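Data block for my_file.cif (mmCIF, C-alpha atoms):
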data_final
loop_
_atom_site.label_atom_id
_atom_site.label_comp_id
_atom_site.auth_asym_id
_atom_site.auth_seq_id
_atom_site.Cartn_x
_atom_site.Cartn_y
_atom_site.Cartn_z
CA MET A 9 3.98 -33.18 9.94
CA PHE A 10 7.12 -33.02 12.06
CA LEU A 11 7.81 -29.59 13.50
CA ILE A 12 10.84 -28.16 15.23
CA THR A 13 10.11 -24.98 17.13
CA VAL A 14 12.82 -22.34 17.26
CA SER A 15 11.92 -20.46 20.41
CA GLN A 16 15.03 -18.55 21.41
CA THR A 17 16.94 -15.68 19.85
CA ILE A 18 20.62 -16.57 19.60
CA TYR A 19 22.27 -14.21 17.10
CA MET A 20 22.75 -10.53 17.79
CA SER A 21 24.08 -9.12 14.50
CA PHE A 22 23.62 -9.60 10.77
CA ASP A 23 27.30 -10.57 10.52
CA SER A 24 26.65 -13.67 12.62
CA LEU A 25 23.76 -14.97 10.51
CA GLY A 26 25.89 -16.42 7.73
CA LEU A 27 25.00 -13.83 5.09
CA SER A 28 27.42 -12.98 2.29
CA ALA A 29 29.36 -9.70 2.02
CA PRO A 30 27.17 -8.23 -0.78
CA LEU A 31 24.03 -8.83 1.29
CA LEU A 32 25.60 -7.38 4.44
CA LYS A 33 26.59 -4.33 2.41
CA ALA A 34 23.02 -3.93 1.14
CA VAL A 35 21.59 -4.31 4.64
CA SER A 36 24.03 -1.72 5.97
CA LYS A 37 23.07 0.65 3.16
CA GLN A 38 19.46 0.47 4.35
CA GLY A 39 20.59 1.52 7.82
CA TYR A 40 19.90 -1.79 9.57
CA THR A 41 22.36 -2.97 12.21
CA THR A 42 20.53 -5.48 14.41
CA PRO A 43 18.25 -8.18 12.96
CA SER A 44 14.74 -8.52 14.34
CA PRO A 45 13.77 -11.73 16.20
CA ILE A 46 12.10 -13.26 13.13
CA GLN A 47 15.19 -12.50 11.05
CA GLN A 48 17.53 -13.97 13.67
CA LYS A 49 15.50 -17.16 13.82
CA CYS A 50 14.55 -17.56 10.18
CA ILE A 51 17.64 -16.63 8.14
CA PRO A 52 19.97 -19.43 9.37
CA VAL A 53 17.25 -22.07 8.91
CA VAL A 54 16.46 -20.97 5.35
CA LEU A 55 20.17 -20.92 4.50
CA GLN A 56 20.30 -24.57 5.56
CA GLY A 57 17.78 -25.37 2.84
CA LYS A 58 15.02 -26.43 5.23
CA ASP A 59 11.29 -25.84 4.83
CA VAL A 60 9.90 -23.24 7.21
CA LEU A 61 6.50 -22.66 8.79
CA ALA A 62 6.67 -19.21 10.37
CA SER A 63 4.25 -17.30 12.55
CA ALA A 64 5.11 -13.62 12.27
CA GLN A 65 3.04 -10.52 12.81
CA THR A 66 3.09 -7.65 10.37
CA GLY A 67 5.84 -5.16 11.08
CA THR A 68 8.29 -7.73 12.47
CA GLY A 69 10.69 -7.65 9.52
CA LYS A 70 9.68 -11.03 8.13
CA THR A 71 10.20 -9.95 4.50
CA ALA A 72 13.94 -9.65 5.08
CA GLY A 73 13.71 -12.92 7.00
CA PHE A 74 13.02 -14.80 3.78
CA THR A 75 14.36 -12.51 1.03
CA LEU A 76 17.93 -12.24 2.37
CA PRO A 77 18.62 -16.01 2.60
CA LEU A 78 16.67 -16.61 -0.62
CA LEU A 79 18.91 -14.16 -2.49
CA GLN A 80 22.04 -15.74 -1.05
CA ILE A 81 20.99 -19.24 -2.09
CA LEU A 82 20.27 -18.03 -5.64
CA SER A 83 23.51 -16.05 -5.92
CA GLU A 84 25.58 -19.09 -4.88
CA ASN A 85 24.09 -21.15 -7.71
CA GLN A 86 23.65 -18.41 -10.27
CA ASP A 87 23.72 -19.06 -14.01
CA THR A 88 23.63 -15.65 -15.69
CA HIS A 89 23.28 -17.26 -19.11
CA ASN A 90 20.09 -19.09 -18.12
CA ARG A 91 17.69 -16.59 -16.58
CA LYS A 92 14.75 -18.73 -15.50
CA ILE A 93 12.47 -18.23 -12.52
CA LYS A 94 14.24 -19.87 -9.58
CA ALA A 95 12.23 -18.32 -6.74
CA LEU A 96 8.50 -17.57 -6.57
CA ILE A 97 6.98 -15.36 -3.87
CA LEU A 98 3.17 -15.44 -3.73
CA THR A 99 1.27 -12.66 -1.94
CA PRO A 100 -2.43 -11.84 -1.55
CA THR A 101 -2.44 -8.14 -2.54
CA ARG A 102 -0.85 -5.82 -5.07
CA GLU A 103 0.46 -3.48 -2.39
CA LEU A 104 2.25 -6.28 -0.56
CA ALA A 105 3.66 -7.65 -3.82
CA ALA A 106 5.02 -4.22 -4.79
CA GLN A 107 6.53 -3.73 -1.33
CA ILE A 108 8.32 -7.10 -1.43
CA GLN A 109 9.71 -6.30 -4.88
CA GLU A 110 11.08 -3.03 -3.53
CA ASN A 111 12.77 -4.92 -0.70
CA VAL A 112 14.20 -7.54 -3.07
CA LYS A 113 15.70 -4.81 -5.26
CA GLN A 114 17.26 -3.10 -2.23
CA TYR A 115 18.78 -6.28 -0.83
CA SER A 116 20.07 -7.49 -4.22
CA ALA A 117 21.71 -4.16 -5.06
CA PHE A 118 25.18 -5.75 -5.05
CA LEU A 119 24.19 -9.08 -6.59
CA ASP A 120 23.58 -10.10 -10.19
CA ILE A 121 19.96 -11.04 -9.49
CA ARG A 122 17.00 -10.00 -11.62
CA SER A 123 13.53 -9.75 -10.13
CA THR A 124 10.12 -8.43 -11.08
CA VAL A 125 6.57 -8.20 -9.74
CA ILE A 126 3.32 -9.03 -11.53
CA PHE A 127 -0.22 -8.24 -10.40
CA GLY A 128 -3.55 -7.30 -11.93
CA GLY A 129 -5.20 -3.93 -12.37
CA VAL A 130 -2.50 -2.72 -14.78
CA ASN A 131 -1.52 -3.42 -18.39
CA GLN A 132 0.21 -6.78 -18.63
CA ASN A 133 2.49 -5.87 -21.57
CA PRO A 134 5.33 -4.30 -19.54
CA GLN A 135 5.24 -7.30 -17.20
CA VAL A 136 5.40 -9.71 -20.13
CA LYS A 137 8.35 -7.82 -21.65
CA THR A 138 10.31 -8.09 -18.39
CA LEU A 139 9.52 -11.81 -18.09
CA ARG A 140 10.74 -12.43 -21.63
CA ASN A 141 14.10 -10.84 -20.81
CA GLY A 142 14.62 -13.44 -18.08
CA ILE A 143 14.35 -13.13 -14.31
CA ASP A 144 15.50 -15.03 -11.24
CA VAL A 145 12.89 -13.97 -8.65
CA LEU A 146 9.19 -13.50 -9.35
CA ILE A 147 6.82 -11.82 -6.89
CA ALA A 148 3.17 -12.27 -7.85
CA THR A 149 -0.46 -12.26 -6.86
CA PRO A 150 -2.20 -15.55 -7.74
CA GLY A 151 -4.68 -14.26 -10.32
CA ARG A 152 -2.26 -12.47 -12.62
CA LEU A 153 0.31 -15.26 -12.23
CA LEU A 154 -2.12 -17.88 -13.50
CA ASP A 155 -3.35 -15.55 -16.26
CA LEU A 156 0.15 -15.13 -17.66
CA GLU A 157 0.95 -18.82 -17.16
CA ASP A 158 -2.16 -19.71 -19.17
CA GLN A 159 -0.93 -17.42 -21.94
CA GLY A 160 2.47 -19.09 -21.96
CA TYR A 161 4.43 -16.15 -20.55
CA VAL A 162 5.39 -17.77 -17.23
CA ASP A 163 7.39 -20.98 -16.81
CA LEU A 164 7.52 -22.29 -13.23
CA SER A 165 9.25 -25.58 -13.99
CA ASN A 166 12.64 -24.37 -12.67
CA VAL A 167 11.50 -22.91 -9.32
CA LYS A 168 13.79 -23.96 -6.47
CA ILE A 169 12.21 -21.89 -3.67
CA LEU A 170 8.53 -21.14 -3.05
CA VAL A 171 7.40 -18.51 -0.54
CA LEU A 172 3.77 -18.12 0.53
CA ASP A 173 3.56 -14.80 2.34
CA GLU A 174 0.46 -13.82 4.33
CA ALA A 175 -0.92 -17.30 3.68
CA ASP A 176 -3.84 -16.77 6.06
CA ARG A 177 -4.90 -13.69 4.11
CA MET A 178 -4.74 -15.62 0.84
CA LEU A 179 -7.11 -18.24 2.21
CA ASP A 180 -9.44 -15.54 3.55
CA MET A 181 -9.56 -14.01 0.06
CA GLY A 182 -10.49 -17.35 -1.50
CA PHE A 183 -7.19 -18.26 -3.13
CA ALA A 184 -7.05 -21.88 -1.93
CA ARG A 185 -7.79 -23.28 -5.38
CA ASP A 186 -5.32 -20.93 -7.05
CA ILE A 187 -2.58 -21.93 -4.62
CA LYS A 188 -3.15 -25.60 -5.39
CA LYS A 189 -3.04 -24.83 -9.12
CA VAL A 190 0.27 -23.00 -8.72
CA MET A 191 1.66 -25.92 -6.71
CA SER A 192 0.84 -28.28 -9.56
CA LEU A 193 3.00 -26.19 -11.91
CA LEU A 194 6.09 -26.33 -9.69
CA PRO A 195 8.79 -29.01 -9.46
CA LYS A 196 8.10 -31.46 -6.65
CA LYS A 197 11.61 -31.04 -5.28
CA ARG A 198 11.95 -27.51 -3.91
CA GLN A 199 12.32 -25.53 -0.69
CA ASN A 200 9.07 -24.18 0.77
CA LEU A 201 8.56 -21.24 3.12
CA LEU A 202 5.13 -20.40 4.55
CA PHE A 203 4.51 -17.23 6.55
CA SER A 204 1.23 -16.54 8.33
CA ALA A 205 0.08 -14.23 11.09
CA THR A 206 -2.22 -16.95 12.41
CA PHE A 207 -2.10 -20.74 12.50
CA SER A 208 -5.71 -21.60 11.80
CA LYS A 209 -6.94 -25.10 11.04
CA GLU A 210 -6.93 -24.23 7.34
CA ILE A 211 -3.35 -22.96 7.46
CA LYS A 212 -2.15 -26.12 9.20
CA GLN A 213 -3.97 -28.22 6.62
CA LEU A 214 -2.37 -26.24 3.78
CA ALA A 215 1.07 -26.54 5.35
CA SER A 216 0.80 -30.28 5.84
CA GLY A 217 0.11 -30.68 2.12
CA PHE A 218 3.43 -29.34 0.81
CA LEU A 219 5.91 -28.64 3.63
CA HIS A 220 8.50 -31.36 4.32
CA ASN A 221 9.75 -31.72 7.92
CA PRO A 222 9.48 -27.95 8.41
CA VAL A 223 11.13 -25.94 11.11
CA MET A 224 8.48 -23.96 12.95
CA VAL A 225 9.57 -20.41 13.70
CA GLU A 226 7.54 -18.22 16.05
CA ALA A 227 8.71 -14.64 16.44
CA THR A 228 5.73 -13.33 18.40
CA PRO A 229 2.76 -14.88 20.17
CA GLU A 230 -0.07 -15.63 17.78
CA ASN A 231 -2.39 -12.64 17.22
CA SER A 232 -0.25 -10.39 19.41
CA THR A 233 0.08 -6.69 18.66
CA ALA A 234 3.28 -4.73 18.38
CA GLU A 235 4.68 -3.87 21.80
CA LYS A 236 5.53 -0.34 20.72
CA VAL A 237 1.93 0.49 19.73
CA LYS A 238 -0.02 2.54 22.27
CA GLN A 239 -3.67 1.50 21.93
CA LYS A 240 -6.66 3.56 23.03
CA ILE A 241 -10.42 3.09 22.71
CA TYR A 242 -12.80 6.07 22.62
CA HIS A 243 -16.49 5.23 23.09
CA VAL A 244 -18.35 7.77 20.97
CA ASP A 245 -21.66 8.27 19.21
CA LYS A 246 -21.65 7.04 15.63
CA VAL A 247 -22.99 10.28 14.16
CA LYS A 248 -20.16 12.30 15.74
CA LYS A 249 -17.26 10.19 14.49
CA ARG A 250 -16.43 12.45 11.55
CA HIS A 251 -16.30 15.54 13.75
CA ILE A 252 -14.17 13.70 16.31
CA ILE A 253 -11.53 12.41 13.90
CA ILE A 254 -11.12 15.85 12.32
CA LYS A 255 -10.76 17.35 15.81
CA LEU A 256 -8.11 14.78 16.78
CA ILE A 257 -6.10 15.42 13.63
CA LYS A 258 -6.25 19.21 13.87
CA ASP A 259 -5.81 19.54 17.64
CA GLY A 260 -2.96 17.04 17.67
CA ASP A 261 -1.39 18.53 14.51
CA TRP A 262 -1.08 15.01 13.11
CA GLN A 263 0.76 15.10 9.81
CA GLN A 264 0.54 11.43 8.82
CA VAL A 265 -2.53 9.40 9.73
CA LEU A 266 -3.76 6.09 8.32
CA VAL A 267 -7.54 5.76 8.86
CA PHE A 268 -9.47 2.52 8.40
CA THR A 269 -13.12 2.14 7.42
CA ARG A 270 -15.09 -1.05 6.76
CA THR A 271 -16.47 -0.11 3.35
CA LYS A 272 -15.34 1.58 0.15
CA HIS A 273 -18.30 3.98 0.29
CA GLY A 274 -17.39 4.92 3.84
CA ALA A 275 -13.78 5.57 2.83
CA ASN A 276 -14.85 7.86 -0.01
CA ASN A 277 -17.27 9.83 2.18
CA LEU A 278 -14.76 10.30 4.99
CA CYS A 279 -12.12 11.41 2.50
CA LYS A 280 -14.51 14.08 1.18
CA LYS A 281 -15.16 15.34 4.73
CA MET A 282 -11.41 15.60 5.33
CA LEU A 283 -10.93 17.67 2.19
CA LEU A 284 -13.82 19.97 3.17
CA ALA A 285 -12.05 20.51 6.51
CA ASP A 286 -8.87 21.57 4.65
CA ILE A 287 -7.06 18.32 5.50
CA SER A 288 -5.27 16.80 2.52
CA ALA A 289 -6.54 13.23 2.12
CA ALA A 290 -6.89 10.36 -0.33
CA ALA A 291 -8.85 7.11 -0.28
CA ILE A 292 -7.53 3.68 -1.20
CA HIS A 293 -9.71 0.61 -1.73
CA GLY A 294 -10.58 -2.11 -4.22
CA ASN A 295 -12.57 0.15 -6.57
CA LYS A 296 -9.60 2.45 -7.12
CA THR A 297 -7.41 1.82 -10.13
CA GLN A 298 -3.90 0.59 -9.47
CA ASN A 299 -2.49 3.90 -10.69
CA ALA A 300 -4.73 5.81 -8.28
CA ARG A 301 -3.72 3.55 -5.39
CA THR A 302 -0.03 3.91 -6.22
CA LYS A 303 -0.35 7.70 -6.47
CA ALA A 304 -2.20 7.90 -3.13
CA LEU A 305 0.44 5.80 -1.37
CA ALA A 306 3.27 7.82 -2.85
CA GLY A 307 1.64 11.07 -1.73
CA PHE A 308 1.08 9.70 1.75
CA LYS A 309 4.70 8.61 2.05
CA ASP A 310 6.18 11.89 0.79
CA GLY A 311 3.92 14.00 3.01
CA SER A 312 1.85 15.72 0.33
CA ILE A 313 -1.16 13.75 1.57
CA ARG A 314 -1.79 14.01 5.29
CA VAL A 315 -4.51 11.39 5.72
CA LEU A 316 -4.89 8.09 3.90
CA VAL A 317 -8.35 6.57 4.30
CA ALA A 318 -8.33 2.86 3.55
CA THR A 319 -10.34 -0.33 3.71
CA ASP A 320 -8.70 -3.55 4.85
CA ILE A 321 -7.06 -3.94 1.46
CA ALA A 322 -4.33 -1.78 3.03
CA ALA A 323 -4.11 -3.67 6.32
CA ARG A 324 -1.21 -5.69 4.98
CA GLY A 325 1.55 -4.81 2.60
CA LEU A 326 1.89 -1.13 3.46
CA ASP A 327 5.34 -0.35 4.77
CA ILE A 328 5.37 3.28 5.87
CA PRO A 329 8.48 4.11 7.89
CA LEU A 330 7.78 5.71 11.27
CA LEU A 331 4.02 5.99 10.69
CA PRO A 332 2.89 7.64 13.96
CA HIS A 333 -0.90 7.26 13.91
CA VAL A 334 -3.48 4.65 12.91
CA VAL A 335 -7.17 5.33 13.53
CA ASN A 336 -9.94 2.76 13.34
CA PHE A 337 -12.81 4.98 12.24
CA GLU A 338 -14.81 1.76 12.29
CA LEU A 339 -13.74 -1.47 13.96
CA PRO A 340 -13.21 -4.43 11.63
CA ASN A 341 -15.80 -7.20 11.79
CA ILE A 342 -12.99 -9.77 11.67
CA PRO A 343 -10.96 -9.41 14.89
CA GLU A 344 -7.68 -10.57 13.32
CA ASP A 345 -7.87 -7.57 10.98
CA TYR A 346 -7.52 -5.27 14.00
CA VAL A 347 -4.06 -6.73 14.60
CA HIS A 348 -3.06 -6.20 10.99
CA ARG A 349 -4.44 -2.67 10.88
CA ILE A 350 -2.61 -1.36 13.91
CA GLY A 351 0.50 -3.22 12.77
CA ARG A 352 0.98 -0.45 10.20
CA THR A 353 2.40 1.65 13.06
CA GLY A 354 5.02 0.73 15.65
CA ARG A 355 7.11 -0.96 12.94
CA ALA A 356 10.80 -1.81 13.17
CA GLY A 357 10.94 -0.90 16.85
CA ALA A 358 9.45 2.58 16.44
CA ASN A 359 6.67 3.91 18.67
CA GLY A 360 3.14 4.29 17.33
CA GLU A 361 -0.39 5.13 18.38
CA ALA A 362 -3.57 3.27 17.44
CA ILE A 363 -6.90 4.89 18.26
CA SER A 364 -10.30 3.27 17.76
CA LEU A 365 -13.61 5.14 17.68
CA VAL A 366 -16.22 2.69 18.95
CA SER A 367 -19.97 3.27 18.77
CA HIS A 368 -22.69 1.25 20.50
CA ASP A 369 -23.31 -0.96 17.45
CA GLU A 370 -19.65 -2.06 17.47
CA ALA A 371 -19.64 -3.39 21.03
CA ASP A 372 -19.61 -7.01 19.84
CA TYR A 373 -16.66 -6.31 17.52
CA LEU A 374 -14.70 -4.81 20.42
CA ARG A 375 -15.43 -7.81 22.64
CA ASP A 376 -14.21 -10.16 19.90
CA ILE A 377 -10.99 -8.16 19.50
CA GLU A 378 -10.28 -8.12 23.24
CA LYS A 379 -11.00 -11.85 23.41
CA LEU A 380 -8.53 -12.46 20.60
CA LEU A 381 -5.86 -10.29 22.24
CA LYS A 382 -6.64 -11.70 25.69
CA GLN A 383 -6.60 -8.22 27.16
CA LYS A 384 -8.87 -5.30 27.96
CA LEU A 385 -7.95 -2.33 25.80
CA PRO A 386 -7.53 1.03 27.59
CA THR A 387 -10.32 3.57 27.13
CA GLY A 388 -10.36 7.36 27.13
CA VAL A 389 -12.78 10.26 26.90
CA ILE A 390 -12.81 13.11 24.39
CA GLU A 391 -14.16 16.14 26.20
CA GLY A 392 -17.38 17.36 24.65
CA TYR A 393 -17.90 14.13 22.71
CA GLU A 394 -18.79 11.71 25.49
CA GLN A 395 -20.91 8.78 24.35
CA GLY A 396 -24.62 9.01 25.04
CA PRO A 397 -26.78 6.22 26.47
CA GLU A 398 -27.29 3.09 24.42
CA PRO A 399 -30.48 3.33 22.33
CA PRO A 400 -33.28 0.82 22.92
CA ALA A 401 -32.87 -2.40 20.99
CA GLU A 402 -35.79 -1.66 18.68
CA GLU A 403 -34.21 1.65 17.68
CA LYS A 404 -30.83 0.23 16.79
CA LYS A 405 -29.97 0.31 13.13
CA PRO A 406 -28.57 -2.85 11.59
CA GLN A 407 -24.82 -2.98 11.23
CA ASN A 408 -23.58 -2.07 7.78
CA HIS A 409 -21.24 -5.01 7.41
CA SER A 410 -22.16 -8.60 8.11
CA PRO A 411 -19.86 -10.94 10.05
CA ARG A 412 -17.58 -13.20 8.07
CA LYS A 413 -19.38 -16.15 6.55
CA PRO A 414 -18.00 -19.69 6.69
CA ARG A 415 -15.58 -20.58 3.95
CA ASN A 416 -16.82 -22.66 1.06
CA ASN A 417 -15.00 -25.68 -0.27
CA ASN A 418 -12.66 -23.46 -2.23
CA GLY A 419 -11.36 -21.69 0.86
CA GLY A 420 -13.42 -18.53 0.34
CA GLY A 421 -16.74 -17.08 1.47
CA SER A 422 -19.96 -16.91 -0.55
CA TRP A 423 -18.31 -15.19 -3.52
CA GLY A 424 -18.87 -18.04 -5.92
CA LYS A 425 -22.65 -18.07 -6.26
CA ASN A 426 -22.78 -15.62 -9.15
CA LYS A 427 -19.24 -15.82 -10.50
CA LYS A 428 -17.63 -18.18 -12.94
CA PRO A 429 -14.84 -20.02 -11.15
CA ASN A 430 -12.42 -19.68 -14.04
CA ASN A 431 -12.88 -15.96 -14.64
CA ARG A 432 -9.50 -14.36 -14.09
CA ASN A 433 -10.08 -11.11 -15.91
CA ASN A 434 -11.60 -9.01 -13.16
CA ASN A 435 -10.38 -5.53 -12.30
CA ASN A 436 -8.24 -6.69 -9.41
CA GLY A 437 -6.17 -9.28 -11.18
CA ASN A 438 -7.06 -11.50 -8.23
CA ARG A 439 -9.88 -13.78 -9.21
CA ARG A 440 -11.69 -13.83 -5.92
CA THR A 441 -11.77 -10.72 -3.85
CA THR A 442 -13.56 -9.52 -0.78
CA ASN A 443 -15.69 -6.39 -0.84
CA LYS A 444 -12.92 -4.16 0.40
#
Show the structure stored in the file as structure tokens.
Amino acid sequence: MFLITVSQTIYMSFDSLGLSAPLLKAVSKQGYTTPSPIQQKCIPVVLQGKDVLASAQTGTGKTAGFTLPLLQILSENQDTHNRKIKALILTPTRELAAQIQENVKQYSAFLDIRSTVIFGGVNQNPQVKTLRNGIDVLIATPGRLLDLEDQGYVDLSNVKILVLDEADRMLDMGFARDIKKVMSLLPKKRQNLLFSATFSKEIKQLASGFLHNPVMVEATPENSTAEKVKQKIYHVDKVKKRHIIIKLIKDGDWQQVLVFTRTKHGANNLCKKMLLADISAAAIHGNKTQNARTKALAGFKDGSIRVLVATDIAARGLDIPLLPHVVNFELPNIPEDYVHRIGRTGRAGANGEAISLVSHDEADYLRDIEKLLKQKLPTGVIEGYEQGPEPPAEEKKPQNHSPRKPRNNNGGGSWGKNKKPNNRNNNNGNRRTTNK
């Protein structure tokens, strides 16, 4: 695979990127004046019709980096009498899919472009009705996309542009087989754009299978964290974490806090403790219905919910403007997830704060994160809640979440032992999901 690395930022305004007047008007309406580095580097290359392999962290503005040029290409070759899917954007989660659709609608406000989003966990009938009316851009999660294609509601034979967003996350969630199936339904001649926060061996192997002489775009160093995020580690006793986080929220008068736990059960329990402490809160995880997740996110964004407690299902795809605080109630067992979690704050150049409460049994997780980041994270002390001595080894309780297991041949973990590989009708609409 031949790669050209774009390493320097050249353009300084949206006007100089080659975008059309309707798109510039839409960008201006959203209040954006200066493109981010990934947008400056990616937009001109996509407009040239080249394949792209992009490394971009969450919060860098990469969605606009591919949606703006994609919309321009479609508008220049638009046939309003033949509404067939010309662009397909694949994402790993419902939240990310919904967010991209919102962005596409905003940027196409002054274009005659139709778009829609499809994902599982909700009734398919409204999605089918929209598809039947004809669309130009489809944003989808793999499971629901293949479900509707099997039923004859989706035709991918006219796709000109394919975007794989958060490709590393899709592989982590076991979608390798689904991605290959989708590829087989697309025309061989098309433009391909792959975005990933990390360039693992699996990602490079995936890219080499369908990208043609791609331009490699790197906006930030791999696995880096947002420069505007102030990170702090507090070493605390595990049993005191709930008291500590409530104290931090109340003493700091925090009005919008995204809190991460490792398990669904932990998220539910912490949410209950918040409510008992008169702090408005909601939990979001894989066991919640799509309507409940949408309602919780809406409440968090409009301020009626002060604290959103989430598992890593929310680590990507949430775009909350000016989110000031992210708290790792528990460190993730996968170090890359730390980067994605704290990337929910410090977005679009804004300042943010990421606090992690670390108990003795999470010491290995912290070491893995610092090794990944190649830096020692700053530590602090919460007066009255200093960490006690480490308990003897024989008294330590086992960790409640095992490290990530090696991927199987399908690109996932050990999910497949008790599941039928062709079962697409689970609650998530994504056939293979992690326990998040």
Atom CA of A:Thr99 to atom CA of A:Leu193: how many Å, to one decimal?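 The value is 16.9 Å.
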Which of A:Leu164, A:Lys246, A:Gln114, A:Phe207 sits closest to A:Lys37 [using all atoms listed in the file]: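 Looking only at the distances to A:Lys37, the closest residue turns out to be A:Gln114.
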Nearest-residue call for A:Pro397, choices A:Leu256, A:His368, A:Asn133, A:Asn90, using all atoms listed in the file: A:His368
By how many Å are atom CA of A:Pro134 and atom CA of A:Arg152 apart?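 We find that atom CA of A:Pro134 and atom CA of A:Arg152 lie 13.1 Å from each other.
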Please write the residues picked by the PyMOL selection byres ((chain A and resi 289-291) around 10) on this file as number ranges by chain. A: 264-268, 272-284, 286-288, 292-293, 296, 300-301, 303-305, 307-308, 312-319
Same residues, C-alpha atoms, output as a tab-separated table (two decimals), in the frame of the given file:
chain	number	residue	atom	x	y	z
A	264	GLN	CA	0.54	11.43	8.82
A	265	VAL	CA	-2.53	9.40	9.73
A	266	LEU	CA	-3.76	6.09	8.32
A	267	VAL	CA	-7.54	5.76	8.86
A	268	PHE	CA	-9.47	2.52	8.40
A	272	LYS	CA	-15.34	1.58	0.15
A	273	HIS	CA	-18.30	3.98	0.29
A	274	GLY	CA	-17.39	4.92	3.84
A	275	ALA	CA	-13.78	5.57	2.83
A	276	ASN	CA	-14.85	7.86	-0.01
A	277	ASN	CA	-17.27	9.83	2.18
A	278	LEU	CA	-14.76	10.30	4.99
A	279	CYS	CA	-12.12	11.41	2.50
A	280	LYS	CA	-14.51	14.08	1.18
A	281	LYS	CA	-15.16	15.34	4.73
A	282	MET	CA	-11.41	15.60	5.33
A	283	LEU	CA	-10.93	17.67	2.19
A	284	LEU	CA	-13.82	19.97	3.17
A	286	ASP	CA	-8.87	21.57	4.65
A	287	ILE	CA	-7.06	18.32	5.50
A	288	SER	CA	-5.27	16.80	2.52
A	292	ILE	CA	-7.53	3.68	-1.20
A	293	HIS	CA	-9.71	0.61	-1.73
A	296	LYS	CA	-9.60	2.45	-7.12
A	300	ALA	CA	-4.73	5.81	-8.28
A	301	ARG	CA	-3.72	3.55	-5.39
A	303	LYS	CA	-0.35	7.70	-6.47
A	304	ALA	CA	-2.20	7.90	-3.13
A	305	LEU	CA	0.44	5.80	-1.37
A	307	GLY	CA	1.64	11.07	-1.73
A	308	PHE	CA	1.08	9.70	1.75
A	312	SER	CA	1.85	15.72	0.33
A	313	ILE	CA	-1.16	13.75	1.57
A	314	ARG	CA	-1.79	14.01	5.29
A	315	VAL	CA	-4.51	11.39	5.72
A	316	LEU	CA	-4.89	8.09	3.90
A	317	VAL	CA	-8.35	6.57	4.30
A	318	ALA	CA	-8.33	2.86	3.55
A	319	THR	CA	-10.34	-0.33	3.71
So what do you get for atom CA of A:Ala95 versus atom CA of A:Ile143, distance-wise?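 The value is 9.4 Å.
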Nearest to A:Ser204 by atom-to-atom distance, counting only C-alpha atoms, from A:Leu172, A:Val366, A:Ile321, A:Val167: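 Ranking A:Leu172, A:Val366, A:Ile321, A:Val167 by distance to A:Ser204, first place goes to A:Leu172.
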Near stretch 106-110 of chain A, within 7 Å and counting only C-alpha atoms, which residues show up once chain neighbours fewer than 2 positions away are dropped, as a ChimeraX atom specification? /A:71,102-104,112-114,124-125,147,325
Selection from above, C-alpha atoms, as a short mmCIF file (atom, residue, chain, number, x, y, z; two decimals), keeping the file's coordinate frame, can you write it?
data_model
loop_
_atom_site.label_atom_id
_atom_site.label_comp_id
_atom_site.auth_asym_id
_atom_site.auth_seq_id
_atom_site.Cartn_x
_atom_site.Cartn_y
_atom_site.Cartn_z
CA THR A 71 10.20 -9.95 4.50
CA ARG A 102 -0.85 -5.82 -5.07
CA GLU A 103 0.46 -3.48 -2.39
CA LEU A 104 2.25 -6.28 -0.56
CA VAL A 112 14.20 -7.54 -3.07
CA LYS A 113 15.70 -4.81 -5.26
CA GLN A 114 17.26 -3.10 -2.23
CA THR A 124 10.12 -8.43 -11.08
CA VAL A 125 6.57 -8.20 -9.74
CA ILE A 147 6.82 -11.82 -6.89
CA GLY A 325 1.55 -4.81 2.60
#
